>>> print(open('data19.cif').read())   # mmCIF, C-alpha atoms
data_entry
#
loop_
_atom_site.label_atom_id
_atom_site.label_comp_id
_atom_site.auth_asym_id
_atom_site.auth_seq_id
_atom_site.Cartn_x
_atom_site.Cartn_y
_atom_site.Cartn_z
CA MET A 22 160.74 340.08 85.35
CA VAL A 23 161.76 341.17 88.88
CA ALA A 24 165.22 342.20 87.64
CA GLU A 25 163.61 344.37 84.93
CA ALA A 26 161.39 346.07 87.50
CA ILE A 27 164.37 346.80 89.75
CA LYS A 28 166.38 348.10 86.81
CA SER A 29 163.55 350.38 85.63
CA ALA A 30 163.15 351.74 89.17
CA LEU A 31 166.78 352.90 89.07
CA VAL A 32 166.46 354.78 85.77
CA PRO A 33 165.79 358.50 86.33
CA VAL A 34 162.33 359.61 85.27
CA TYR A 35 163.52 363.00 84.00
CA GLU A 36 166.50 363.88 81.82
CA LEU A 37 167.98 367.35 81.65
CA ARG A 38 167.92 367.59 77.86
CA SER A 39 164.17 366.91 77.60
CA PHE A 40 162.97 368.37 80.91
CA ARG A 41 160.08 370.84 80.69
CA SER A 42 159.31 372.37 84.04
CA ARG A 43 155.65 373.20 83.34
CA ASP A 44 154.89 369.58 82.38
CA ALA A 45 156.86 368.00 85.23
CA LEU A 46 155.41 366.47 88.37
CA GLY A 47 156.17 369.39 90.69
CA ALA A 48 154.39 371.93 88.51
CA LEU A 49 151.44 369.64 87.87
CA VAL A 50 151.00 368.78 91.56
CA GLY A 51 151.32 372.46 92.45
CA ARG A 52 148.76 373.54 89.88
CA ALA A 53 146.40 370.73 90.89
CA ARG A 54 146.76 371.78 94.56
CA LYS A 55 145.92 375.39 93.66
CA ALA A 56 142.89 374.28 91.65
CA LEU A 57 141.68 372.13 94.56
CA ALA A 58 142.18 375.00 97.02
CA ARG A 59 140.25 377.39 94.74
CA GLU A 60 137.34 374.95 94.53
CA PHE A 61 137.40 374.28 98.28
CA ASP A 62 137.49 378.02 99.03
CA ARG A 63 134.53 378.60 96.71
CA GLU A 64 132.46 375.84 98.35
CA LEU A 65 133.54 376.67 101.91
CA GLU A 66 132.53 380.31 101.54
CA ALA A 67 128.93 379.37 102.36
CA LEU A 68 130.20 378.01 105.71
CA GLY A 69 132.18 381.18 106.43
CA LEU A 70 135.49 379.33 106.12
CA ASN A 71 138.50 379.21 103.87
CA THR A 72 140.57 376.13 103.07
CA ALA A 73 143.20 376.77 105.77
CA GLN A 74 140.52 377.13 108.46
CA ALA A 75 138.69 374.03 107.25
CA LEU A 76 141.91 372.01 107.33
CA VAL A 77 142.43 372.98 110.98
CA ILE A 78 138.92 371.70 111.72
CA VAL A 79 139.68 368.46 109.84
CA LEU A 80 143.04 367.86 111.54
CA LEU A 81 141.53 368.37 114.98
CA ALA A 82 138.49 366.20 114.21
CA GLU A 83 140.63 363.38 112.86
CA GLY A 84 143.11 363.56 115.75
CA SER A 85 146.01 364.26 113.39
CA ALA A 86 147.13 367.27 115.43
CA GLY A 87 146.39 368.66 118.85
CA THR A 88 148.25 371.96 119.09
CA ALA A 89 148.65 375.01 116.90
CA ALA A 90 152.31 374.08 116.44
CA ASP A 91 151.36 370.55 115.26
CA ILE A 92 148.87 371.97 112.78
CA GLY A 93 151.32 374.60 111.59
CA ARG A 94 153.90 371.93 110.83
CA GLU A 95 151.34 369.74 109.05
CA LEU A 96 150.06 372.64 106.91
CA ALA A 97 153.45 374.39 106.54
CA HIS A 98 152.13 377.61 108.10
CA ASP A 99 154.33 379.88 110.16
CA PRO A 100 153.40 380.25 113.85
CA GLY A 101 151.97 383.76 113.39
CA ALA A 102 149.63 382.69 110.59
CA MET A 103 148.59 379.62 112.57
CA THR A 104 147.79 381.75 115.63
CA ARG A 105 145.59 384.06 113.52
CA ILE A 106 143.71 381.10 112.02
CA VAL A 107 143.12 379.52 115.44
CA ASP A 108 142.10 382.91 116.88
CA LYS A 109 139.42 383.28 114.20
CA LEU A 110 138.12 379.75 114.74
CA GLU A 111 138.07 380.29 118.49
CA ALA A 112 136.24 383.62 118.13
CA ALA A 113 133.67 381.88 115.91
CA GLY A 114 133.12 379.26 118.61
CA TYR A 115 134.50 376.27 116.69
CA VAL A 116 137.75 375.67 118.57
CA ARG A 117 138.85 376.13 122.15
CA ARG A 118 142.29 376.31 123.66
CA VAL A 119 142.75 374.07 126.67
CA PRO A 120 145.74 375.08 128.82
CA ARG A 121 148.01 372.22 129.77
CA GLU A 122 148.01 371.43 133.45
CA HIS A 123 151.80 371.18 133.80
CA ASP A 124 152.83 373.79 131.21
CA ARG A 125 150.68 376.91 131.14
CA ARG A 126 152.61 378.24 128.12
CA ALA A 127 151.23 375.45 125.95
CA ALA A 128 147.62 374.78 125.03
CA ASP A 129 145.93 371.88 123.34
CA LEU A 130 143.20 372.60 120.83
CA GLU A 131 139.85 370.88 120.69
CA LEU A 132 136.70 371.29 118.69
CA THR A 133 133.61 372.63 120.39
CA ARG A 134 130.20 371.10 119.75
CA ASP A 135 129.71 373.65 116.95
CA GLY A 136 133.16 372.74 115.62
CA ARG A 137 132.26 369.05 115.48
CA ARG A 138 129.02 369.92 113.67
CA LEU A 139 130.97 372.11 111.26
CA HIS A 140 133.37 369.23 110.60
CA GLY A 141 130.45 367.25 109.18
CA GLU A 142 129.70 370.10 106.78
CA VAL A 143 133.38 370.41 105.82
CA ARG A 144 133.50 366.66 105.06
CA ARG A 145 130.49 367.05 102.75
CA VAL A 146 132.34 369.82 100.91
CA GLN A 147 135.50 367.70 100.71
CA VAL A 148 133.64 364.75 99.20
CA ALA A 149 131.71 366.92 96.73
CA VAL A 150 134.77 368.87 95.54
CA LEU A 151 137.01 365.82 95.27
CA ASN A 152 134.36 363.89 93.37
CA ARG A 153 133.96 366.83 90.99
CA MET A 154 137.72 367.14 90.49
CA LEU A 155 138.01 363.38 89.89
CA ARG A 156 135.19 363.33 87.35
CA GLY A 157 136.07 360.82 84.63
CA PHE A 158 138.39 358.83 86.91
CA SER A 159 137.47 355.31 87.90
CA ARG A 160 137.74 354.38 91.57
CA ALA A 161 140.74 352.25 90.69
CA GLU A 162 142.44 355.19 88.97
CA ALA A 163 141.78 357.44 91.98
CA ARG A 164 143.21 354.82 94.37
CA THR A 165 146.25 354.46 92.08
CA LEU A 166 146.79 358.22 92.10
CA GLU A 167 146.56 358.23 95.91
CA ARG A 168 149.08 355.37 96.17
CA LEU A 169 151.50 357.10 93.82
CA LEU A 170 151.29 360.38 95.72
CA LYS A 171 151.84 358.50 98.99
CA ARG A 172 154.97 356.95 97.48
CA ILE A 173 156.27 360.42 96.66
CA LEU A 174 155.61 361.47 100.26
CA ASP A 175 157.35 358.35 101.54
CA ASN A 176 160.36 359.16 99.33
CA ALA A 177 160.39 362.72 100.66
CA ASN A 178 160.35 361.40 104.23
CA GLY A 179 163.18 358.96 103.53
CA ALA A 180 161.01 355.83 103.82
CA GLU A 181 162.07 352.83 101.85
#
>>> encode(input="data19.cif", output="structure tokens")
Amino acid sequence: MVAEAIKSALVPVYELRSFRSRDALGALVGRARKALAREFDRELEALGLNTAQALVIVLLAEGSAGTAADIGRELAHDPGAMTRIVDKLEAAGYVRRVPREHDRRAADLELTRDGRRLHGEVRRVQVAVLNRMLRGFSRAEARTLERLLKRILDNANGAE
């Protein structure tokens, strides 16, 4: 049983002769990501945000990133785009730049009180949109999908 599982893990999932790009994982994940972003953008419009701005709020609130450079790497945004996003959030009063004491060229980002309040609204949008997009999935199926996607990310990061 274990030997069969190891053997099946070594067999390639795709074969060149039968490969159809549109039906393959990359295309499906990409299209699903675009559909999620469209839905998030539609729902976030009432909050005056787009998906990229909301993700900055989320990353700061969850402590996943603390600088514009960290967020840019996490979201795969170039530094110029990241600066514009942070500038807009700062102008709206949701984010503040805190200069570093020992390096005035660098600044940490933190949410303001309004930013923390907005994070609660963004989380409500996240839950509503994800639940709508997962309509017809059981909880177990959703957890399985999350685990499988995490495995792909682990493979991409070289984890064993």
>>> atom_distance(input="data19.cif", atom1="CA of Arg153 in chain A", atom2="CA of Leu68 in chain A")
18.9 Å
>>> atom_distance(input="data19.cif", atom1="CA of Leu139 in chain A", atom2="CA of Leu76 in chain A")
11.6 Å
>>> resolve_selection(input="data19.cif", expression="the PyMOL selection byres ((chain A and resi 129) around 7)", output="list in words")
Gly87, Thr88, Arg118, Val119, Pro120, Arg121, Ala127, Ala128, Leu130 and Glu131 of chain A
>>> residues_around(input="data19.cif", residues="range 167-171 of chain A", least_positions_apart="4", cutoff="12 Å", atoms="only C-alpha atoms", output="compact mmCIF listing (two decimals) with C-alpha atoms, keeping the file's coordinate frame")
# COMPACT_ATOMS: atom_id res chain seq x y z
CA LEU A 46 155.41 366.47 88.37
CA GLY A 47 156.17 369.39 90.69
CA VAL A 50 151.00 368.78 91.56
CA LEU A 155 138.01 363.38 89.89
CA ARG A 160 137.74 354.38 91.57
CA ALA A 161 140.74 352.25 90.69
CA GLU A 162 142.44 355.19 88.97
CA ALA A 163 141.78 357.44 91.98
CA ASP A 175 157.35 358.35 101.54
CA ASN A 176 160.36 359.16 99.33
CA ALA A 177 160.39 362.72 100.66
CA ASN A 178 160.35 361.40 104.23
CA ALA A 180 161.01 355.83 103.82
>>> closest_atom_pairs(input="data19.cif", of="range 58-79 of chain A", to="range 99-105 of chain A", cutoff="12 Å", atoms="only C-alpha atoms", output="tab-separated table")
residue	atom	partner	partner_atom	distance
A:Ala73	CA	A:Met103	CA	9.1
A:Gln74	CA	A:Met103	CA	9.4
A:Leu76	CA	A:Met103	CA	11.4
A:Val77	CA	A:Met103	CA	9.2
>>> residues_around(input="data19.cif", residues="Leu57 in chain A", least_positions_apart="2", cutoff="10 Å", atoms="all atoms listed in the file", output="list in words")
Gly51, Arg52, Ala53, Arg54, Lys55, Arg59, Glu60, Phe61, Asp62, Arg63, Thr72, Gln147, Val150, Leu151 and Met154 of chain A
>>> build_atoms(input="data19.cif", residues="range 111-138 of chain A", atoms="N, CA and C atoms", output="PDB file, in the coordinates of the input")
ATOM      1  N   GLU A 111     138.477 380.202 117.086  1.00  0.00           N
ATOM      2  CA  GLU A 111     138.070 380.290 118.490  1.00  0.00           C
ATOM      3  C   GLU A 111     137.010 381.375 118.674  1.00  0.00           C
ATOM      4  N   ALA A 112     137.206 382.527 118.040  1.00  0.00           N
ATOM      5  CA  ALA A 112     136.240 383.620 118.130  1.00  0.00           C
ATOM      6  C   ALA A 112     134.882 383.211 117.546  1.00  0.00           C
ATOM      7  N   ALA A 113     134.913 382.356 116.534  1.00  0.00           N
ATOM      8  CA  ALA A 113     133.670 381.880 115.910  1.00  0.00           C
ATOM      9  C   ALA A 113     133.011 380.776 116.731  1.00  0.00           C
ATOM     10  N   GLY A 114     133.702 380.282 117.757  1.00  0.00           N
ATOM     11  CA  GLY A 114     133.120 379.260 118.610  1.00  0.00           C
ATOM     12  C   GLY A 114     133.324 377.828 118.132  1.00  0.00           C
ATOM     13  N   TYR A 115     134.277 377.612 117.230  1.00  0.00           N
ATOM     14  CA  TYR A 115     134.500 376.270 116.690  1.00  0.00           C
ATOM     15  C   TYR A 115     135.636 375.517 117.376  1.00  0.00           C
ATOM     16  N   VAL A 116     136.560 376.252 117.950  1.00  0.00           N
ATOM     17  CA  VAL A 116     137.750 375.670 118.570  1.00  0.00           C
ATOM     18  C   VAL A 116     137.938 376.309 119.929  1.00  0.00           C
ATOM     19  N   ARG A 117     138.475 375.538 120.862  1.00  0.00           N
ATOM     20  CA  ARG A 117     138.850 376.130 122.150  1.00  0.00           C
ATOM     21  C   ARG A 117     140.256 375.697 122.497  1.00  0.00           C
ATOM     22  N   ARG A 118     140.939 376.603 123.162  1.00  0.00           N
ATOM     23  CA  ARG A 118     142.290 376.310 123.660  1.00  0.00           C
ATOM     24  C   ARG A 118     142.138 375.782 125.079  1.00  0.00           C
ATOM     25  N   VAL A 119     142.795 374.677 125.351  1.00  0.00           N
ATOM     26  CA  VAL A 119     142.750 374.070 126.670  1.00  0.00           C
ATOM     27  C   VAL A 119     144.162 374.117 127.248  1.00  0.00           C
ATOM     28  N   PRO A 120     144.386 374.977 128.253  1.00  0.00           N
ATOM     29  CA  PRO A 120     145.740 375.080 128.820  1.00  0.00           C
ATOM     30  C   PRO A 120     146.186 373.735 129.389  1.00  0.00           C
ATOM     31  N   ARG A 121     147.449 373.446 129.216  1.00  0.00           N
ATOM     32  CA  ARG A 121     148.010 372.220 129.770  1.00  0.00           C
ATOM     33  C   ARG A 121     148.228 372.398 131.262  1.00  0.00           C
ATOM     34  N   GLU A 122     147.926 371.372 131.991  1.00  0.00           N
ATOM     35  CA  GLU A 122     148.010 371.430 133.450  1.00  0.00           C
ATOM     36  C   GLU A 122     149.434 371.708 133.930  1.00  0.00           C
ATOM     37  N   HIS A 123     150.424 371.080 133.312  1.00  0.00           N
ATOM     38  CA  HIS A 123     151.800 371.180 133.800  1.00  0.00           C
ATOM     39  C   HIS A 123     152.649 372.186 133.029  1.00  0.00           C
ATOM     40  N   ASP A 124     152.086 372.801 131.994  1.00  0.00           N
ATOM     41  CA  ASP A 124     152.830 373.790 131.210  1.00  0.00           C
ATOM     42  C   ASP A 124     151.843 374.841 130.719  1.00  0.00           C
ATOM     43  N   ARG A 125     151.690 375.897 131.454  1.00  0.00           N
ATOM     44  CA  ARG A 125     150.680 376.910 131.140  1.00  0.00           C
ATOM     45  C   ARG A 125     151.008 377.684 129.868  1.00  0.00           C
ATOM     46  N   ARG A 126     152.252 377.554 129.362  1.00  0.00           N
ATOM     47  CA  ARG A 126     152.610 378.240 128.120  1.00  0.00           C
ATOM     48  C   ARG A 126     152.018 377.515 126.911  1.00  0.00           C
ATOM     49  N   ALA A 127     151.732 376.254 127.059  1.00  0.00           N
ATOM     50  CA  ALA A 127     151.230 375.450 125.950  1.00  0.00           C
ATOM     51  C   ALA A 127     149.734 375.182 126.122  1.00  0.00           C
ATOM     52  N   ALA A 128     149.057 375.079 125.003  1.00  0.00           N
ATOM     53  CA  ALA A 128     147.620 374.780 125.030  1.00  0.00           C
ATOM     54  C   ALA A 128     147.306 373.752 123.961  1.00  0.00           C
ATOM     55  N   ASP A 129     146.455 372.821 124.319  1.00  0.00           N
ATOM     56  CA  ASP A 129     145.930 371.880 123.340  1.00  0.00           C
ATOM     57  C   ASP A 129     144.696 372.514 122.722  1.00  0.00           C
ATOM     58  N   LEU A 130     144.386 372.108 121.516  1.00  0.00           N
ATOM     59  CA  LEU A 130     143.200 372.600 120.830  1.00  0.00           C
ATOM     60  C   LEU A 130     142.170 371.488 120.756  1.00  0.00           C
ATOM     61  N   GLU A 131     140.920 371.854 120.885  1.00  0.00           N
ATOM     62  CA  GLU A 131     139.850 370.880 120.690  1.00  0.00           C
ATOM     63  C   GLU A 131     138.677 371.570 120.031  1.00  0.00           C
ATOM     64  N   LEU A 132     137.909 370.767 119.328  1.00  0.00           N
ATOM     65  CA  LEU A 132     136.700 371.290 118.690  1.00  0.00           C
ATOM     66  C   LEU A 132     135.601 371.430 119.728  1.00  0.00           C
ATOM     67  N   THR A 133     134.820 372.475 119.578  1.00  0.00           N
ATOM     68  CA  THR A 133     133.610 372.630 120.390  1.00  0.00           C
ATOM     69  C   THR A 133     132.505 371.800 119.747  1.00  0.00           C
ATOM     70  N   ARG A 134     131.357 371.803 120.350  1.00  0.00           N
ATOM     71  CA  ARG A 134     130.200 371.100 119.750  1.00  0.00           C
ATOM     72  C   ARG A 134     129.912 371.687 118.369  1.00  0.00           C
ATOM     73  N   ASP A 135     129.926 373.026 118.257  1.00  0.00           N
ATOM     74  CA  ASP A 135     129.710 373.650 116.950  1.00  0.00           C
ATOM     75  C   ASP A 135     130.818 373.281 115.969  1.00  0.00           C
ATOM     76  N   GLY A 136     132.043 373.147 116.464  1.00  0.00           N
ATOM     77  CA  GLY A 136     133.160 372.740 115.620  1.00  0.00           C
ATOM     78  C   GLY A 136     132.991 371.333 115.090  1.00  0.00           C
ATOM     79  N   ARG A 137     132.498 370.436 115.929  1.00  0.00           N
ATOM     80  CA  ARG A 137     132.260 369.050 115.480  1.00  0.00           C
ATOM     81  C   ARG A 137     131.126 369.021 114.448  1.00  0.00           C
ATOM     82  N   ARG A 138     130.104 369.833 114.653  1.00  0.00           N
ATOM     83  CA  ARG A 138     129.020 369.920 113.670  1.00  0.00           C
ATOM     84  C   ARG A 138     129.556 370.472 112.349  1.00  0.00           C
TER      85      ARG A 138
END
